[in-house]
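Notes follow the structure.
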There are 2 protein chains.
Amino acid sequence: MAKRLLSFTRLVQGVNVSAVTSTMVWEHVQPAAARRLLTGAVDAFAERGYQATTTRDIASRAGMSPAALYVHYPSKERLLFEISLYGHNAALEVLRSADRGAGAPERLRSMVSAFTAWHAEHHTIARVVQYELAALSPEHLTEVAVIRRAISAQIEQVLADGVAADEFAVSDLPGTTLAVLSLSIDVARWYTPHRGDPSTLGKLYADLAHRMVQA
Amino acid sequence: MAKRLLSFTRLVQGVNVSAVTSTMVWEHVQPAAARRLLTGAVDAFAERGYQATTTRDIASRAGMSPAALYVHYPSKERLLFEISLYGHNAALEVLRSADRGAGAPERLRSMVSAFTAWHAEHHTIARVVQYELAALSPEHLTEVAVIRRAISAQIEQVLADGVAADEFAVSDLPGTTLAVLSLSIDVARWYTPHRGDPSTLGKLYADLAHRMVQA
């Protein structure tokens, strides 16, 4: 998965974030019909919610018959799982790639900036990923929970490193980790392009998150 | 509306936040059948999403026939609007009641603490209110948007007052206002009682929000 995401992650890190279209997000998915089904599923889940979406709706958005959908995905839940797996892995990869800098403040700022920009740019995927977790099967939820813990660990580690170096003062490490992540994730709920470009928002949030923890 | 919410708001401000049950939230709604329909609608919308919920589902949760529902509410959308109106007015009232203290830092801490605790305690209502906005009719959305702007104005004013008194340093006033609100609102997405009690969470978030803006 990390390999498949590499070109995507480079784009996110670069200046031209707005060039990452929803088609490019799924460009690693082959064949094209499977990719059209994933795109259709994201749009349908975001518009109507997972429960109100039928496999017929998704197939129709992809210009296919319901029967043709099952050639690629055994169920509607499997499509949600693929979207969830992709979204979580992409967000984790964005954090890991951005975990660089001389000290904890630089690393935190770089990660929050990239993570926030990702949630602005991919707000439709992020909403489906965050709001439809309860619709995953228990086995699939367990798989996704592993990635969610890795995402938290990424932020918790930099906060702990900053505390150890007397650069950060944090009274509640798990609670503050959750707050830092939550601030960026909630961007997906309210973001629309007229709110400004993702990278400017990322810089503001990097500053706010740094101030939340600095010694 | 402010009058109807008064007893509720007092409870939220007090120590016994966990005593506010979902039945008590709707206690101002009469007759009891209308109240049962609202409670049923909140639970159904939260579980399955607005689009996947039928008036039959809601009536059945309230122990009523679908026809009996229409005696109280003309449509499923009207139920969503009542929930949305209640949720937004309650959140605004929580902020206004908490806007007290000697200076901007005390006022901000008091408001963020109460607003966060409300979103933890009423996470089910808050999720429906925040995630189903797009399902409101244009006229109803316009009404709700007025309350949303009043909620933002409440935080923006205390930040502006703090800047004027050299207590806060804020580079982007609308962006920081949105971030402070967003931090508390996203609590509704991830909160479950095992994450700690709402008032402890409120105190942590008051501290984090204050650090985000202090000079």
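Residues in the structure tokens are numbered from 1 in each chain, the chains being A, B, ... in the order shown, and ligands are numbered from 1 in the order shown.
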**Report entry** Interface residues on chain B facing chain A, 10 Å, only C-alpha atoms, written as a PyMOL selection string
**Finding:** chain B and resi 47-53+127+130-132+134-135+170-172+175-176+178-187+189-190+195-196+201+204-205+207-214
Report task. For Asp99 of chain A, work out the shell of residues within 12 Å, counting only C-alpha atoms and skipping chain neighbours fewer than 3 positions away, then give it as a VMD selection string. Result -> chain A and resid 13 92 to 96 102 to 115 151 154 to 155 157 to 158
**Report entry** Exercise: Asp43 of chain A partners within 10 Å, only C-alpha atoms, chain neighbours under 4 positions left out, as a VMD selection string
**Finding:** chain A and resid 37 to 39 47 to 49 58 61 124 to 125 128
Query raised in the report: For Ser84 of chain A, which of A:Asp161, A:Tyr191, A:Thr177, A:Arg148 is the closest residue, counting only C-alpha atoms?
Result: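 Among the listed residues, the smallest separation from Ser84 of chain A belongs to A:Arg148.
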